[in-house]
>>> print(open('model-v3.tsv').read())   # TSV, N, CA and C atoms
chain	number	residue	atom	x	y	z
H	19	MET	N	0.86	-1.18	0.00
H	19	MET	CA	0.00	0.00	0.00
H	19	MET	C	0.91	1.24	0.00
H	20	THR	N	0.58	2.18	-0.88
H	20	THR	CA	1.39	3.39	-0.96
H	20	THR	C	1.12	4.28	0.24
H	21	GLU	N	2.02	5.21	0.47
H	21	GLU	CA	1.86	6.14	1.59
H	21	GLU	C	0.58	6.96	1.44
H	22	ASN	N	0.29	7.43	0.22
H	22	ASN	CA	-0.91	8.24	0.01
H	22	ASN	C	-2.18	7.43	0.27
H	23	LEU	N	-2.19	6.18	-0.19
H	23	LEU	CA	-3.35	5.32	0.07
H	23	LEU	C	-3.46	5.05	1.57
H	24	SER	N	-2.33	4.90	2.23
H	24	SER	CA	-2.32	4.68	3.68
H	24	SER	C	-2.97	5.85	4.42
H	25	ILE	N	-2.71	7.05	3.95
H	25	ILE	CA	-3.32	8.24	4.56
H	25	ILE	C	-4.83	8.22	4.36
H	26	ALA	N	-5.28	7.89	3.15
H	26	ALA	CA	-6.72	7.81	2.87
H	26	ALA	C	-7.38	6.73	3.73
H	27	VAL	N	-6.73	5.58	3.83
H	27	VAL	CA	-7.27	4.48	4.64
H	27	VAL	C	-7.36	4.90	6.10
H	28	HIS	N	-6.34	5.57	6.59
H	28	HIS	CA	-6.36	6.05	7.98
H	28	HIS	C	-7.57	6.95	8.22
H	29	GLU	N	-7.84	7.84	7.29
H	29	GLU	CA	-8.96	8.76	7.44
H	29	GLU	C	-10.30	8.02	7.34
H	30	LEU	N	-10.37	7.04	6.48
H	30	LEU	CA	-11.59	6.22	6.39
H	30	LEU	C	-11.82	5.44	7.69
H	31	LYS	N	-10.73	4.94	8.27
H	31	LYS	CA	-10.85	4.24	9.56
H	31	LYS	C	-11.38	5.18	10.64
H	32	ARG	N	-10.89	6.40	10.64
H	32	ARG	CA	-11.35	7.38	11.61
H	32	ARG	C	-12.86	7.61	11.45
H	33	ALA	N	-13.31	7.72	10.22
H	33	ALA	CA	-14.73	7.91	9.95
H	33	ALA	C	-15.53	6.68	10.39
H	34	ALA	N	-15.01	5.49	10.11
H	34	ALA	CA	-15.69	4.25	10.51
H	34	ALA	C	-15.81	4.15	12.02
H	35	GLU	N	-14.77	4.56	12.73
H	35	GLU	CA	-14.81	4.55	14.21
H	35	GLU	C	-15.84	5.55	14.72
H	36	GLU	N	-15.92	6.71	14.08
H	36	GLU	CA	-16.89	7.73	14.47
H	36	GLU	C	-18.32	7.20	14.24
H	37	ILE	N	-18.52	6.52	13.15
H	37	ILE	CA	-19.85	5.94	12.88
H	37	ILE	C	-20.21	4.92	13.95
H	38	ARG	N	-19.28	4.06	14.30
H	38	ARG	CA	-19.54	3.07	15.36
H	38	ARG	C	-19.86	3.76	16.70
H	39	ARG	N	-19.14	4.85	17.00
H	39	ARG	CA	-19.40	5.58	18.24
H	39	ARG	C	-20.82	6.16	18.23
H	40	ILE	N	-21.20	6.76	17.14
H	40	ILE	CA	-22.54	7.34	17.02
H	40	ILE	C	-23.60	6.26	17.16
H	41	GLU	N	-23.37	5.12	16.52
H	41	GLU	CA	-24.33	4.02	16.62
H	41	GLU	C	-24.46	3.51	18.06
H	42	ARG	N	-23.33	3.43	18.77
H	42	ARG	CA	-23.40	3.00	20.19
H	42	ARG	C	-24.23	3.99	21.00
H	43	GLU	N	-23.99	5.28	20.77
H	43	GLU	CA	-24.74	6.31	21.49
H	43	GLU	C	-26.22	6.25	21.13
H	44	ALA	N	-26.54	5.99	19.88
H	44	ALA	CA	-27.94	5.87	19.46
H	44	ALA	C	-28.61	4.69	20.15
H	45	ASN	N	-27.93	3.55	20.18
H	45	ASN	CA	-28.49	2.36	20.83
H	45	ASN	C	-28.63	2.55	22.33
H	46	GLU	N	-27.65	3.20	22.94
H	46	GLU	CA	-27.75	3.47	24.37
H	46	GLU	C	-28.94	4.38	24.66
H	47	ALA	N	-29.13	5.38	23.84
H	47	ALA	CA	-30.27	6.29	24.03
H	47	ALA	C	-31.58	5.52	23.95
H	48	LEU	N	-31.70	4.63	22.98
H	48	LEU	CA	-32.96	3.91	22.79
H	48	LEU	C	-33.16	2.82	23.83
H	49	PHE	N	-32.15	1.99	24.02
H	49	PHE	CA	-32.34	0.80	24.84
H	49	PHE	C	-32.07	1.01	26.33
H	50	ALA	N	-31.14	1.88	26.67
H	50	ALA	CA	-30.82	2.09	28.08
H	50	ALA	C	-31.61	3.26	28.67
H	51	GLN	N	-31.93	4.25	27.82
H	51	GLN	CA	-32.58	5.46	28.33
H	51	GLN	C	-34.00	5.63	27.80
H	52	ASP	N	-34.44	4.73	26.93
H	52	ASP	CA	-35.78	4.81	26.32
H	52	ASP	C	-36.04	6.19	25.72
H	53	ASP	N	-35.04	6.70	25.04
H	53	ASP	CA	-35.08	8.05	24.48
H	53	ASP	C	-35.07	7.98	22.95
H	54	ALA	N	-36.26	7.85	22.37
H	54	ALA	CA	-36.39	7.70	20.92
H	54	ALA	C	-35.95	8.96	20.18
H	55	ARG	N	-36.13	10.11	20.77
H	55	ARG	CA	-35.76	11.38	20.13
H	55	ARG	C	-34.24	11.46	19.93
H	56	THR	N	-33.48	11.16	20.99
H	56	THR	CA	-32.02	11.18	20.88
H	56	THR	C	-31.55	10.09	19.93
H	57	HIS	N	-32.19	8.94	19.97
H	57	HIS	CA	-31.86	7.85	19.07
H	57	HIS	C	-31.97	8.33	17.62
H	58	ARG	N	-33.07	8.96	17.27
H	58	ARG	CA	-33.27	9.48	15.92
H	58	ARG	C	-32.22	10.54	15.58
H	59	GLN	N	-31.92	11.43	16.52
H	59	GLN	CA	-30.92	12.48	16.29
H	59	GLN	C	-29.54	11.86	16.00
H	60	LYS	N	-29.19	10.83	16.74
H	60	LYS	CA	-27.90	10.17	16.54
H	60	LYS	C	-27.85	9.48	15.17
H	61	LEU	N	-28.95	8.85	14.77
H	61	LEU	CA	-28.97	8.22	13.46
H	61	LEU	C	-28.89	9.26	12.35
H	62	GLN	N	-29.50	10.41	12.55
H	62	GLN	CA	-29.39	11.50	11.58
H	62	GLN	C	-27.95	12.02	11.53
H	63	GLU	N	-27.30	12.06	12.67
H	63	GLU	CA	-25.88	12.45	12.72
H	63	GLU	C	-25.03	11.47	11.90
H	64	LYS	N	-25.33	10.18	12.04
H	64	LYS	CA	-24.64	9.16	11.26
H	64	LYS	C	-24.86	9.39	9.77
H	65	MET	N	-26.11	9.69	9.38
H	65	MET	CA	-26.42	9.92	7.97
H	65	MET	C	-25.68	11.14	7.44
H	66	MET	N	-25.59	12.18	8.23
H	66	MET	CA	-24.88	13.39	7.80
H	66	MET	C	-23.39	13.10	7.60
H	67	LEU	N	-22.81	12.32	8.49
H	67	LEU	CA	-21.40	11.96	8.34
H	67	LEU	C	-21.21	11.18	7.03
H	68	LEU	N	-22.12	10.25	6.75
H	68	LEU	CA	-22.01	9.46	5.53
H	68	LEU	C	-22.26	10.31	4.28
H	69	LEU	N	-23.18	11.25	4.38
H	69	LEU	CA	-23.45	12.16	3.26
H	69	LEU	C	-22.24	13.02	2.93
H	70	GLU	N	-21.53	13.46	3.94
H	70	GLU	CA	-20.39	14.35	3.76
H	70	GLU	C	-19.08	13.62	3.48
H	71	LEU	N	-19.07	12.32	3.68
H	71	LEU	CA	-17.82	11.56	3.56
H	71	LEU	C	-17.16	11.67	2.18
H	72	PRO	N	-17.89	11.60	1.07
H	72	PRO	CA	-17.20	11.74	-0.22
H	72	PRO	C	-16.43	13.06	-0.33
H	73	GLU	N	-17.04	14.14	0.09
H	73	GLU	CA	-16.37	15.45	0.02
H	73	GLU	C	-15.24	15.55	1.05
H	74	THR	N	-15.47	15.01	2.22
H	74	THR	CA	-14.46	15.04	3.28
H	74	THR	C	-13.18	14.32	2.85
H	75	MET	N	-13.35	13.26	2.07
H	75	MET	CA	-12.21	12.43	1.68
H	75	MET	C	-11.40	13.00	0.52
H	76	VAL	N	-11.91	13.98	-0.20
H	76	VAL	CA	-11.22	14.51	-1.38
H	76	VAL	C	-9.76	14.86	-1.09
H	77	PRO	N	-9.47	15.68	-0.06
H	77	PRO	CA	-8.05	16.04	0.14
H	77	PRO	C	-7.18	14.85	0.55
H	78	PHE	N	-7.78	13.83	1.15
H	78	PHE	CA	-7.00	12.67	1.60
H	78	PHE	C	-6.73	11.70	0.45
H	79	CYS	N	-7.40	11.90	-0.67
H	79	CYS	CA	-7.21	11.03	-1.83
H	79	CYS	C	-6.24	11.62	-2.84
H	80	GLU	N	-5.73	12.82	-2.55
H	80	GLU	CA	-4.74	13.42	-3.44
H	80	GLU	C	-3.49	12.54	-3.44
H	81	GLY	N	-3.01	12.26	-4.62
H	81	GLY	CA	-1.81	11.45	-4.74
H	81	GLY	C	-2.08	9.95	-4.73
H	82	VAL	N	-3.32	9.56	-4.49
H	82	VAL	CA	-3.68	8.14	-4.53
H	82	VAL	C	-3.81	7.76	-6.01
H	83	SER	N	-3.47	6.54	-6.35
H	83	SER	CA	-3.57	6.11	-7.75
H	83	SER	C	-4.98	6.36	-8.28
H	84	GLU	N	-5.05	6.57	-9.58
H	84	GLU	CA	-6.34	6.86	-10.23
H	84	GLU	C	-7.36	5.75	-9.96
H	85	ASN	N	-6.93	4.50	-10.06
H	85	ASN	CA	-7.84	3.37	-9.83
H	85	ASN	C	-8.36	3.35	-8.40
H	86	ALA	N	-7.47	3.53	-7.45
H	86	ALA	CA	-7.87	3.52	-6.04
H	86	ALA	C	-8.79	4.71	-5.73
H	87	ARG	N	-8.46	5.87	-6.28
H	87	ARG	CA	-9.28	7.06	-6.05
H	87	ARG	C	-10.69	6.85	-6.59
H	88	ARG	N	-10.78	6.30	-7.81
H	88	ARG	CA	-12.10	6.03	-8.40
H	88	ARG	C	-12.88	5.03	-7.58
H	89	GLU	N	-12.19	4.01	-7.09
H	89	GLU	CA	-12.84	2.99	-6.26
H	89	GLU	C	-13.38	3.60	-4.97
H	90	ILE	N	-12.59	4.44	-4.34
H	90	ILE	CA	-13.02	5.12	-3.10
H	90	ILE	C	-14.21	6.03	-3.40
H	91	GLU	N	-14.10	6.82	-4.45
H	91	GLU	CA	-15.19	7.74	-4.80
H	91	GLU	C	-16.48	6.98	-5.09
H	92	LYS	N	-16.38	5.91	-5.84
H	92	LYS	CA	-17.57	5.12	-6.20
H	92	LYS	C	-18.25	4.56	-4.95
H	93	LYS	N	-17.46	3.97	-4.07
H	93	LYS	CA	-18.02	3.37	-2.85
H	93	LYS	C	-18.65	4.44	-1.95
H	94	LEU	N	-17.94	5.53	-1.73
H	94	LEU	CA	-18.45	6.57	-0.84
H	94	LEU	C	-19.67	7.28	-1.44
H	95	ASP	N	-19.68	7.47	-2.75
H	95	ASP	CA	-20.85	8.06	-3.41
H	95	ASP	C	-22.07	7.15	-3.26
H	96	SER	N	-21.86	5.85	-3.39
H	96	SER	CA	-22.95	4.89	-3.22
H	96	SER	C	-23.52	4.95	-1.80
H	97	ILE	N	-22.64	4.96	-0.83
H	97	ILE	CA	-23.08	5.04	0.57
H	97	ILE	C	-23.80	6.36	0.82
H	98	ALA	N	-23.25	7.45	0.30
H	98	ALA	CA	-23.86	8.77	0.51
H	98	ALA	C	-25.25	8.84	-0.13
H	99	MET	N	-25.41	8.25	-1.30
H	99	MET	CA	-26.72	8.26	-1.95
H	99	MET	C	-27.75	7.50	-1.11
H	100	ARG	N	-27.35	6.39	-0.55
H	100	ARG	CA	-28.27	5.62	0.30
H	100	ARG	C	-28.58	6.37	1.60
H	101	ALA	N	-27.59	7.08	2.13
H	101	ALA	CA	-27.82	7.88	3.34
H	101	ALA	C	-28.80	9.01	3.03
H	102	GLU	N	-28.63	9.62	1.88
H	102	GLU	CA	-29.55	10.69	1.48
H	102	GLU	C	-30.98	10.15	1.35
H	103	ARG	N	-31.10	9.00	0.76
H	103	ARG	CA	-32.42	8.37	0.60
H	103	ARG	C	-33.04	8.05	1.96
H	104	ALA	N	-32.25	7.54	2.87
H	104	ALA	CA	-32.75	7.23	4.22
H	104	ALA	C	-33.26	8.49	4.91
H	105	MET	N	-32.52	9.59	4.72
H	105	MET	CA	-32.94	10.87	5.32
H	105	MET	C	-34.23	11.36	4.67
H	106	GLU	N	-34.33	11.25	3.34
H	106	GLU	CA	-35.54	11.69	2.65
H	106	GLU	C	-36.75	10.91	3.13
H	107	LEU	N	-36.57	9.61	3.34
H	107	LEU	CA	-37.67	8.76	3.80
H	107	LEU	C	-37.92	8.93	5.30
H	108	SER	N	-36.96	9.51	5.99
H	108	SER	CA	-37.02	9.65	7.44
H	108	SER	C	-37.24	8.29	8.10
H	109	SER	N	-36.55	7.29	7.55
H	109	SER	CA	-36.73	5.91	7.99
H	109	SER	C	-35.67	5.52	9.02
H	110	ILE	N	-36.11	5.35	10.25
H	110	ILE	CA	-35.21	4.90	11.32
H	110	ILE	C	-34.62	3.55	10.96
H	111	PHE	N	-35.45	2.67	10.43
H	111	PHE	CA	-34.98	1.33	10.05
H	111	PHE	C	-33.87	1.43	9.02
H	112	PHE	N	-34.06	2.23	7.99
H	112	PHE	CA	-33.07	2.39	6.92
H	112	PHE	C	-31.80	3.06	7.46
H	113	MET	N	-31.97	4.09	8.29
H	113	MET	CA	-30.80	4.79	8.86
H	113	MET	C	-30.00	3.84	9.73
H	114	ASN	N	-30.71	3.06	10.54
H	114	ASN	CA	-30.03	2.15	11.46
H	114	ASN	C	-29.30	1.04	10.71
H	115	GLY	N	-29.93	0.52	9.65
H	115	GLY	CA	-29.36	-0.62	8.94
H	115	GLY	C	-28.38	-0.27	7.84
H	116	LEU	N	-28.25	1.02	7.55
H	116	LEU	CA	-27.33	1.41	6.49
H	116	LEU	C	-25.92	0.95	6.86
H	117	LEU	N	-25.25	0.30	5.96
H	117	LEU	CA	-23.91	-0.28	6.08
H	117	LEU	C	-23.94	-1.74	6.54
H	118	TYR	N	-25.13	-2.27	6.85
H	118	TYR	CA	-25.22	-3.62	7.39
H	118	TYR	C	-26.06	-4.52	6.49
H	119	PRO	N	-25.50	-5.66	6.04
H	119	PRO	CA	-26.28	-6.59	5.21
H	119	PRO	C	-27.35	-7.28	6.05
H	120	ASP	N	-28.29	-7.89	5.37
H	120	ASP	CA	-29.39	-8.59	6.05
H	120	ASP	C	-28.88	-9.70	6.97
H	121	ASP	N	-27.77	-10.33	6.61
H	121	ASP	CA	-27.25	-11.44	7.40
H	121	ASP	C	-26.17	-11.00	8.40
H	122	TYR	N	-26.15	-9.72	8.72
H	122	TYR	CA	-25.13	-9.19	9.64
H	122	TYR	C	-25.26	-9.84	11.02
H	123	LYS	N	-24.10	-10.15	11.60
H	123	LYS	CA	-24.04	-10.67	12.97
H	123	LYS	C	-23.22	-9.69	13.80
H	124	GLU	N	-23.67	-9.42	15.00
H	124	GLU	CA	-22.98	-8.48	15.90
H	124	GLU	C	-21.50	-8.82	15.97
H	125	GLY	N	-20.67	-7.80	15.77
H	125	GLY	CA	-19.23	-7.97	15.82
H	125	GLY	C	-18.59	-8.11	14.45
H	126	ASP	N	-19.41	-8.42	13.42
H	126	ASP	CA	-18.88	-8.49	12.06
H	126	ASP	C	-18.56	-7.08	11.57
H	127	PRO	N	-17.65	-6.94	10.62
H	127	PRO	CA	-17.40	-5.62	10.06
H	127	PRO	C	-18.58	-5.17	9.21
H	128	ASN	N	-18.82	-3.87	9.19
H	128	ASN	CA	-19.88	-3.33	8.35
H	128	ASN	C	-19.33	-3.09	6.94
H	129	GLU	N	-20.16	-2.59	6.05
H	129	GLU	CA	-19.77	-2.39	4.65
H	129	GLU	C	-18.56	-1.47	4.51
H	130	LEU	N	-18.51	-0.38	5.26
H	130	LEU	CA	-17.39	0.54	5.18
H	130	LEU	C	-16.12	-0.12	5.70
H	131	GLU	N	-16.22	-0.84	6.80
H	131	GLU	CA	-15.06	-1.52	7.38
H	131	GLU	C	-14.52	-2.60	6.43
H	132	LEU	N	-15.42	-3.32	5.75
H	132	LEU	CA	-14.99	-4.32	4.77
H	132	LEU	C	-14.28	-3.66	3.59
H	133	PHE	N	-14.78	-2.51	3.18
H	133	PHE	CA	-14.15	-1.76	2.10
H	133	PHE	C	-12.74	-1.32	2.51
H	134	ILE	N	-12.60	-0.85	3.73
H	134	ILE	CA	-11.29	-0.43	4.24
H	134	ILE	C	-10.33	-1.63	4.23
H	135	GLU	N	-10.81	-2.80	4.65
H	135	GLU	CA	-9.97	-4.00	4.64
H	135	GLU	C	-9.49	-4.32	3.23
H	136	ARG	N	-10.38	-4.17	2.24
H	136	ARG	CA	-9.98	-4.43	0.84
H	136	ARG	C	-8.91	-3.44	0.40
H	137	LEU	N	-9.06	-2.17	0.78
H	137	LEU	CA	-8.06	-1.18	0.42
H	137	LEU	C	-6.70	-1.49	1.07
H	138	GLN	N	-6.73	-1.93	2.30
H	138	GLN	CA	-5.50	-2.26	3.01
H	138	GLN	C	-4.77	-3.44	2.40
H	139	ALA	N	-5.52	-4.33	1.76
H	139	ALA	CA	-4.92	-5.54	1.17
H	139	ALA	C	-4.18	-5.22	-0.13
H	140	ARG	N	-4.30	-4.00	-0.63
H	140	ARG	CA	-3.63	-3.63	-1.89
H	140	ARG	C	-2.14	-3.61	-1.74
>>> encode(input="model-v3.tsv", output="structure tokens")
Amino acid sequence: MTENLSIAVHELKRAAEEIRRIEREANEALFAQDDARTHRQKLQEKMMLLLELPETMVPFCEGVSENARREIEKKLDSIAMRAERAMELSSIFFMNGLLYPDDYKEGDPNELELFIERLQAR
């Protein structure tokens, strides 16, 4: 993995960790505090992070190979489009499940984390 790709991967990992933190806070609000309002706010925060991620990553992709940059842009644009759709629908279910396949098991990596693993294997 090149140094430039390593920088991009590092930033994607930071974003993935932030998403996991927000999800934990959302679940704690709902299940430990019975606070549906905060739960929804946290999921909206997650969607905003995902919506902004393609633009946020632009400076970190400078110097990354053309193929890797296109791959990152394609993946993040796809995620952002789904986040935008979830927000438009105002669907808690869609916001909560975004990044997770139907057969997801607790502790498995989510879609973004799997993508990061693929980038690291380069």
>>> select_by_dssp(input="model-v3.tsv", residues="chain H", states="helix (DSSP H, G or I)", output="MDAnalysis selection string")
chainID H and resid 21:50 54:79 84:107 110:115 129:138
>>> atom_distance(input="model-v3.tsv", atom1="atom CA of Ser83 of chain H", atom2="atom CA of Met19 of chain H")
10.5 Å
>>> residues_around(input="model-v3.tsv", residues="segment 65-74 of chain H", least_positions_apart="2", cutoff="8 Å", atoms="all atoms listed in the file", output="PyMOL selection string")
chain H and resi 33+37+59-63+76-79+90-91+93-95+97-102+104-105+113
>>> closest_residue(input="model-v3.tsv", among="H:Arg38, H:Ala86, H:Ala54, H:Glu80", to="Ala139 of chain H", atoms="only C-alpha atoms")
H:Ala86
>>> atom_distance(input="model-v3.tsv", atom1="atom C of Arg55 of chain H", atom2="atom C of Ser109 of chain H")
12.5 Å
>>> atom_distance(input="model-v3.tsv", atom1="atom CA of Ser24 of chain H", atom2="atom CA of Asn128 of chain H")
19.9 Å
>>> closest_residue(input="model-v3.tsv", among="H:Leu48, H:Lys31, H:Glu21, H:Glu84", to="Glu131 of chain H", atoms="only N, CA and C atoms")
H:Lys31
